[in-house]
file my_file-v8.txt (compact mmCIF, C-alpha atoms)
# COMPACT_ATOMS: atom_id res chain seq x y z
CA SER A 1 0.00 0.00 0.00
CA LEU A 2 1.05 3.59 -0.57
CA SER A 3 1.88 6.00 2.24
CA GLN A 4 -0.45 8.95 2.77
CA LYS A 5 2.30 11.32 1.63
CA VAL A 6 2.65 9.50 -1.68
CA ILE A 7 -1.13 9.32 -2.08
CA ASP A 8 -1.40 13.08 -1.49
CA ARG A 9 1.28 13.71 -4.08
CA TYR A 10 -0.48 11.60 -6.70
CA GLU A 11 -3.87 13.10 -5.85
CA ARG A 12 -2.46 16.49 -6.79
CA ARG A 13 -0.99 15.06 -9.98
CA TRP A 14 -4.17 13.42 -11.25
CA ALA A 15 -7.43 15.36 -11.11
CA LYS A 16 -10.37 13.62 -9.45
CA GLY A 17 -12.49 11.89 -12.04
CA SER A 18 -9.60 11.21 -14.41
CA ILE A 19 -8.98 7.59 -15.36
CA PHE A 20 -5.57 7.71 -13.64
CA TYR A 21 -7.06 8.94 -10.35
CA ARG A 22 -9.80 6.35 -10.39
CA ARG A 23 -7.48 3.45 -11.20
CA PHE A 24 -4.34 4.31 -9.26
CA ILE A 25 -5.62 6.33 -6.29
CA ARG A 26 -9.06 4.87 -5.64
CA GLY A 27 -8.10 1.42 -6.88
CA GLU A 28 -11.17 1.06 -9.09
CA TRP A 29 -11.17 -1.65 -11.74
CA CYS A 30 -12.90 0.66 -14.18
CA LEU A 31 -13.33 1.12 -17.88
CA ALA A 32 -12.15 4.25 -19.66
CA GLU A 33 -15.56 5.65 -20.57
CA GLY A 34 -17.21 9.03 -21.03
CA ARG A 35 -15.05 12.13 -21.28
CA VAL A 36 -11.27 11.67 -21.39
CA PHE A 37 -10.79 14.85 -19.31
CA PRO A 38 -13.93 14.88 -17.11
CA PHE A 39 -12.42 17.38 -14.68
CA PHE A 40 -11.78 20.00 -17.37
CA ASP A 41 -13.97 23.08 -17.65
CA GLU A 42 -13.52 26.77 -18.38
CA THR A 43 -14.20 28.01 -14.84
CA SER A 44 -11.71 26.10 -12.68
CA GLY A 45 -8.49 27.89 -13.55
CA TYR A 46 -7.46 25.82 -16.56
CA VAL A 47 -8.47 28.61 -18.94
CA VAL A 48 -7.21 32.16 -18.40
CA ASP A 49 -7.92 35.58 -19.87
CA GLN A 50 -4.46 37.04 -19.19
CA VAL A 51 -0.96 35.67 -19.68
CA PRO A 52 2.51 36.84 -18.56
CA ALA A 53 4.40 39.46 -20.53
CA ASN A 54 7.54 37.37 -21.02
CA PHE A 55 8.40 33.74 -21.68
CA ILE A 56 11.71 31.89 -21.30
CA GLU A 57 10.94 29.14 -23.81
CA PHE A 58 8.51 28.43 -26.63
CA LEU A 59 7.16 25.18 -28.00
CA VAL A 60 4.89 24.21 -30.90
CA GLY A 61 2.75 21.09 -31.19
CA LEU A 62 0.74 20.18 -34.25
CA ASP A 63 -1.54 17.54 -35.69
CA TYR A 64 -1.28 17.29 -39.45
CA GLY A 65 -4.14 16.81 -41.86
CA ILE A 66 -5.06 17.43 -45.48
CA SER A 67 -8.58 15.98 -45.68
CA ASN A 68 -8.67 15.84 -41.87
CA PRO A 69 -8.21 19.04 -39.84
CA PHE A 70 -4.77 20.56 -39.26
CA ILE A 71 -4.10 22.23 -35.93
CA ALA A 72 -0.97 23.77 -34.41
CA SER A 73 -0.52 25.59 -31.09
CA LEU A 74 2.16 27.88 -29.70
CA TRP A 75 3.14 27.29 -26.05
CA GLY A 76 5.19 29.61 -23.83
CA LEU A 77 6.88 28.85 -20.49
CA SER A 78 6.84 31.44 -17.70
CA GLY A 79 7.20 31.02 -13.94
CA GLY A 80 7.20 27.24 -14.20
CA VAL A 81 3.87 27.22 -16.07
CA TRP A 82 3.24 26.47 -19.73
CA TYR A 83 0.67 28.67 -21.44
CA ILE A 84 -1.07 27.65 -24.66
CA LEU A 85 -0.97 31.07 -26.26
CA LYS A 86 -2.50 30.74 -29.71
CA GLU A 87 -3.56 28.20 -32.30
CA PHE A 88 -3.93 27.78 -36.04
CA TYR A 89 -6.75 25.50 -37.23
CA TRP A 90 -7.80 24.51 -40.72
CA ASP A 91 -10.66 22.14 -41.49
CA SER A 92 -10.56 21.62 -45.25
CA ILE A 93 -14.03 20.06 -45.39
CA LYS A 94 -15.60 22.96 -43.50
CA GLU A 95 -13.61 25.53 -45.46
CA LYS A 96 -14.16 23.68 -48.78
CA HIS A 97 -10.50 24.12 -49.66
CA GLN A 98 -7.50 21.85 -49.16
CA LYS A 99 -4.16 23.40 -48.27
CA SER A 100 -0.76 22.12 -49.37
CA ASN A 101 2.44 21.82 -47.34
CA PRO A 102 3.71 25.22 -48.61
CA ASP A 103 0.41 26.76 -47.48
CA TYR A 104 0.77 25.22 -44.03
CA ILE A 105 4.37 26.39 -43.76
CA GLU A 106 3.22 29.97 -44.32
CA ASP A 107 0.53 29.48 -41.66
CA MET A 108 3.14 28.10 -39.25
CA ALA A 109 5.46 31.03 -39.85
CA ARG A 110 2.59 33.40 -38.95
CA LEU A 111 1.65 31.35 -35.88
CA ILE A 112 5.15 31.38 -34.39
CA ASN A 113 5.04 35.02 -33.36
CA TRP A 114 4.23 36.68 -30.06
CA ASN A 115 3.61 40.33 -29.28
CA GLY A 116 4.20 41.17 -32.93
CA LYS A 117 7.64 39.54 -33.14
CA PRO A 118 8.90 36.16 -34.33
CA VAL A 119 9.80 33.72 -31.56
CA PHE A 120 12.08 30.71 -31.78
CA PRO A 121 10.60 27.50 -30.38
CA LYS A 122 12.85 24.90 -28.80
CA LYS A 123 10.76 22.23 -30.49
CA ILE A 124 8.18 21.99 -33.27
CA LEU A 125 6.64 18.57 -32.72
CA VAL A 126 5.14 16.87 -35.77
CA PRO A 127 3.32 13.50 -35.86
CA PRO A 128 6.11 10.96 -36.43
CA GLU A 129 4.41 9.36 -39.43
CA GLU A 130 4.36 12.68 -41.34
CA ASN A 131 7.85 12.37 -42.81
CA GLY A 132 7.06 14.60 -45.77
CA PHE A 133 5.92 17.52 -43.63
CA ILE A 134 8.86 17.06 -41.26
CA ARG A 135 11.16 17.29 -44.29
CA ASP A 136 9.41 20.33 -45.75
CA LEU A 137 9.28 22.17 -42.42
CA THR A 138 12.97 21.50 -41.81
CA ARG A 139 13.85 22.87 -45.24
CA ALA A 140 11.66 25.93 -44.64
CA GLY A 141 13.69 26.67 -41.52
CA GLN A 142 16.66 27.50 -43.74
CA THR A 143 14.95 30.74 -44.78
CA ARG A 144 12.46 31.29 -41.94
CA ARG A 145 14.35 31.55 -38.66
CA ASN A 146 11.28 31.05 -36.47
CA ILE A 147 10.65 27.61 -37.98
CA CYS A 148 13.25 25.76 -35.95
CA GLY A 149 13.67 22.67 -33.81
CA VAL A 150 11.52 20.43 -36.01
CA HIS A 151 11.25 16.97 -34.45
CA PRO A 152 8.97 13.91 -34.62
CA ALA A 153 6.54 13.96 -31.70
CA ASP A 154 6.30 11.23 -29.07
CA ASN A 155 3.08 9.45 -30.06
CA ALA A 156 2.64 7.36 -26.90
CA ILE A 157 -1.14 7.54 -26.33
CA MET A 158 -1.74 6.93 -22.62
CA PRO A 159 1.51 8.57 -21.41
CA GLY A 160 0.51 11.62 -23.47
CA ILE A 161 -2.97 11.72 -21.97
CA GLU A 162 -1.40 11.33 -18.53
CA ASP A 163 0.93 14.27 -19.19
CA VAL A 164 -1.98 16.47 -20.29
CA THR A 165 -3.87 15.44 -17.14
CA THR A 166 -0.87 16.07 -14.90
CA LEU A 167 -0.04 19.49 -16.34
CA LEU A 168 -3.63 20.68 -16.05
CA SER A 169 -4.18 19.15 -12.58
CA LEU A 170 -1.06 20.78 -11.13
CA GLY A 171 -1.79 24.16 -12.70
CA LYS A 172 1.28 23.80 -14.90
CA CYS A 173 -0.61 24.31 -18.16
CA LYS A 174 -3.11 27.09 -18.78
CA ILE A 175 -4.96 27.95 -21.96
CA TYR A 176 -5.33 31.52 -23.18
CA ARG A 177 -9.04 31.82 -23.87
CA PRO A 178 -9.08 34.57 -26.55
CA ASN A 179 -6.77 32.68 -28.93
CA CYS A 180 -7.51 28.97 -28.37
CA PRO A 181 -11.18 28.07 -28.93
CA VAL A 182 -10.48 24.75 -30.67
CA THR A 183 -8.07 23.56 -27.98
CA ILE A 184 -10.64 24.34 -25.28
CA ARG A 185 -13.48 22.66 -27.16
CA SER A 186 -11.35 19.61 -27.89
CA LEU A 187 -10.44 19.02 -24.25
CA ASN A 188 -14.09 19.42 -23.30
CA GLU A 189 -15.45 17.04 -25.91
CA LEU A 190 -12.94 14.19 -26.33
CA LEU A 191 -14.54 10.82 -25.45
CA TRP A 192 -13.19 7.34 -24.80
CA ASP A 193 -13.95 4.78 -27.51
CA PRO A 194 -16.33 2.08 -26.18
CA LYS A 195 -15.46 -0.31 -29.03
CA ALA A 196 -11.78 -0.13 -28.10
CA GLN A 197 -12.69 -0.76 -24.45
CA ALA A 198 -14.61 -3.88 -25.49
CA GLN A 199 -11.31 -5.13 -26.94
CA GLY A 200 -9.41 -4.24 -23.76
CA LYS A 201 -7.76 -1.13 -25.17
CA ASP A 202 -7.71 2.41 -23.77
CA MET A 203 -8.30 4.67 -26.77
CA TYR A 204 -10.37 7.75 -27.53
CA LEU A 205 -12.75 8.23 -30.42
CA LYS A 206 -11.15 9.35 -33.67
CA GLY A 207 -13.00 11.38 -36.26
CA GLY A 208 -12.75 13.65 -39.26
CA SER A 209 -14.05 17.16 -39.80
CA GLY A 210 -14.86 18.92 -36.52
CA ALA A 211 -13.84 15.98 -34.31
CA PRO A 212 -12.03 16.85 -31.04
CA ASP A 213 -9.24 14.28 -31.30
CA HIS A 214 -7.14 16.49 -33.60
CA GLY A 215 -6.89 19.32 -31.08
CA CYS A 216 -6.18 16.86 -28.28
CA ASP A 217 -3.48 15.08 -30.29
CA CYS A 218 -1.81 18.46 -30.78
CA SER A 219 -1.93 19.09 -27.01
CA ARG A 220 -0.78 15.55 -26.27
CA TYR A 221 2.33 15.88 -28.46
CA ALA A 222 3.26 19.20 -26.87
CA SER A 223 2.54 17.96 -23.35
CA ARG A 224 5.02 15.09 -23.67
CA TYR A 225 7.84 17.60 -24.14
CA ALA A 226 6.40 20.26 -21.82
CA ALA A 227 6.19 17.78 -18.93
CA LYS A 228 9.75 16.61 -19.59
CA VAL A 229 11.02 20.20 -19.30
CA LEU A 230 9.19 20.72 -15.99
CA ARG A 231 10.54 17.44 -14.60
CA GLN A 232 14.07 18.57 -15.46
CA MET A 233 13.32 21.84 -13.62
CA GLY A 234 12.04 19.93 -10.58
CA GLN A 235 8.57 21.44 -11.01
CA ILE A 236 6.73 18.12 -11.31
CA LEU A 237 7.51 14.45 -10.67

call {"tool": "encode", "arguments": {"input": "my_file-v8.txt", "output": "structure tokens"}}
result
Amino acid sequence: SLSQKVIDRYERRWAKGSIFYRRFIRGEWCLAEGRVFPFFDETSGYVVDQVPANFIEFLVGLDYGISNPFIASLWGLSGGVWYILKEFYWDSIKEKHQKSNPDYIEDMARLINWNGKPVFPKKILVPPEENGFIRDLTRAGQTRRNICGVHPADNAIMPGIEDVTTLLSLGKCKIYRPNCPVTIRSLNELLWDPKAQAQGKDMYLKGGSGAPDHGCDCSRYASRYAAKVLRQMGQIL
């Protein structure tokens, strides 16, 4: 059994209602069902209307899509807290227009700015299977200085969901409301997949146009690196 001190530490790490809290703190033998982030709402401090003036590090996560939606978000680190500052979202079915890689590169170059100036992210994390976009982004960085640090993202599903849960639960990730409507909606709406559960797998529902998994995948990729940085700083376990 765990000591009360360890239990308290993990209770802070995993919000009540999350699958990790229910399984590892309460000891429930439970299915992953309903909302993936049941604790998340816009009134409990996860979403903010103001952000700091300065950031010591920037990060970009993205989920790539041509027929499916494309979403990228710019994160900034200040005072031991990551802020999701802004997002770019393109749903080609809704917009009735498909973009190409050169189009997306221009969108990324516009996204990676803050307070009217280019910023230089430590990482731009791209789904690891998107070799073509990784190649094109890397080449674009030769002429666009703010497109830098292009790397394949860590696509581990449950560890990524755990990192999103941990960062939000500990107040180490906050979302800037004016600029991030899709990120907020995605965290609110993502659901576990009951068919996957019937096969003994923890997986969320995947979809196409308008589905929340694209925004959450973007956050999941970024959270894997963001949590690693905070662990190195001694901010989280």

call {"tool": "residues_near_point", "arguments": {"input": "my_file-v8.txt", "point": "(-13.2, 9.1, -27.9)", "cutoff": "12 Å", "atoms": "all atoms listed in the file", "output": "ChimeraX atom specification"}}
result
/A:32-37,186-197,201-207,211-214,216-217

call {"tool": "closest_residue", "arguments": {"input": "my_file-v8.txt", "among": "A:Thr143, A:Tyr89, A:Ser223, A:Gly65", "to": "A:Thr166", "atoms": "all atoms listed in the file"}}
result
A:Ser223

call {"tool": "closest_residue", "arguments": {"input": "my_file-v8.txt", "among": "A:Pro159, A:Gly76, A:Gly171, A:Pro127", "to": "A:Tyr46", "atoms": "all atoms listed in the file"}}
result
A:Gly171

call {"tool": "atom_distance", "arguments": {"input": "my_file-v8.txt", "atom1": "atom CA of A:Leu237", "atom2": "atom CA of A:Ile157"}}
result
19.2 Å

call {"tool": "residues_around", "arguments": {"input": "my_file-v8.txt", "residues": "A:Tyr221", "least_positions_apart": "4", "cutoff": "12 Å", "atoms": "all atoms listed in the file", "output": "MDAnalysis selection string"}}
result
chainID A and resid 59:64 71:73 75 123:128 151:164 214:217 225:228

call {"tool": "atom_distance", "arguments": {"input": "my_file-v8.txt", "atom1": "atom CA of A:Val48", "atom2": "atom CA of A:Tyr176"}}
result
5.2 Å

call {"tool": "axis_aligned_box", "arguments": {"input": "my_file-v8.txt", "around": "stretch 80-88 of chain A", "padding_each_side": "3 Å", "output": "AutoDock Vina command-line options"}}
result
--center_x 1.6 --center_y 28.8 --center_z -25.1 --size_x 17.1 --size_y 10.6 --size_z 27.8

call {"tool": "closest_residue", "arguments": {"input": "my_file-v8.txt", "among": "A:His97, A:Arg177, A:Lys117, A:Arg139", "to": "A:Leu85", "atoms": "all atoms listed in the file"}}
result
A:Arg177

call {"tool": "atom_distance", "arguments": {"input": "my_file-v8.txt", "atom1": "atom CA of A:Ala109", "atom2": "atom CA of A:Ile147"}}
result
6.5 Å

call {"tool": "residues_near_point", "arguments": {"input": "my_file-v8.txt", "point": "(16.1, 31.4, -31.2)", "cutoff": "12 Å", "atoms": "only C-alpha atoms", "output": "PDB file with C-alpha atoms, in the frame of the given file"}}
result
ATOM      1  CA  ILE A  56      11.710  31.890 -21.300  1.00  0.00           C
ATOM      2  CA  GLU A  57      10.940  29.140 -23.810  1.00  0.00           C
ATOM      3  CA  PHE A  58       8.510  28.430 -26.630  1.00  0.00           C
ATOM      4  CA  LEU A  59       7.160  25.180 -28.000  1.00  0.00           C
ATOM      5  CA  ILE A 112       5.150  31.380 -34.390  1.00  0.00           C
ATOM      6  CA  ASN A 113       5.040  35.020 -33.360  1.00  0.00           C
ATOM      7  CA  LYS A 117       7.640  39.540 -33.140  1.00  0.00           C
ATOM      8  CA  PRO A 118       8.900  36.160 -34.330  1.00  0.00           C
ATOM      9  CA  VAL A 119       9.800  33.720 -31.560  1.00  0.00           C
ATOM     10  CA  PHE A 120      12.080  30.710 -31.780  1.00  0.00           C
ATOM     11  CA  PRO A 121      10.600  27.500 -30.380  1.00  0.00           C
ATOM     12  CA  LYS A 122      12.850  24.900 -28.800  1.00  0.00           C
ATOM     13  CA  LYS A 123      10.760  22.230 -30.490  1.00  0.00           C
ATOM     14  CA  GLY A 141      13.690  26.670 -41.520  1.00  0.00           C
ATOM     15  CA  ARG A 144      12.460  31.290 -41.940  1.00  0.00           C
ATOM     16  CA  ARG A 145      14.350  31.550 -38.660  1.00  0.00           C
ATOM     17  CA  ASN A 146      11.280  31.050 -36.470  1.00  0.00           C
ATOM     18  CA  ILE A 147      10.650  27.610 -37.980  1.00  0.00           C
ATOM     19  CA  CYS A 148      13.250  25.760 -35.950  1.00  0.00           C
ATOM     20  CA  GLY A 149      13.670  22.670 -33.810  1.00  0.00           C
TER      21      GLY A 149
END

call {"tool": "closest_residue", "arguments": {"input": "my_file-v8.txt", "among": "A:Ser169, A:Gln235, A:Phe133, A:Ile184", "to": "A:Val47", "atoms": "all atoms listed in the file"}}
result
A:Ile184
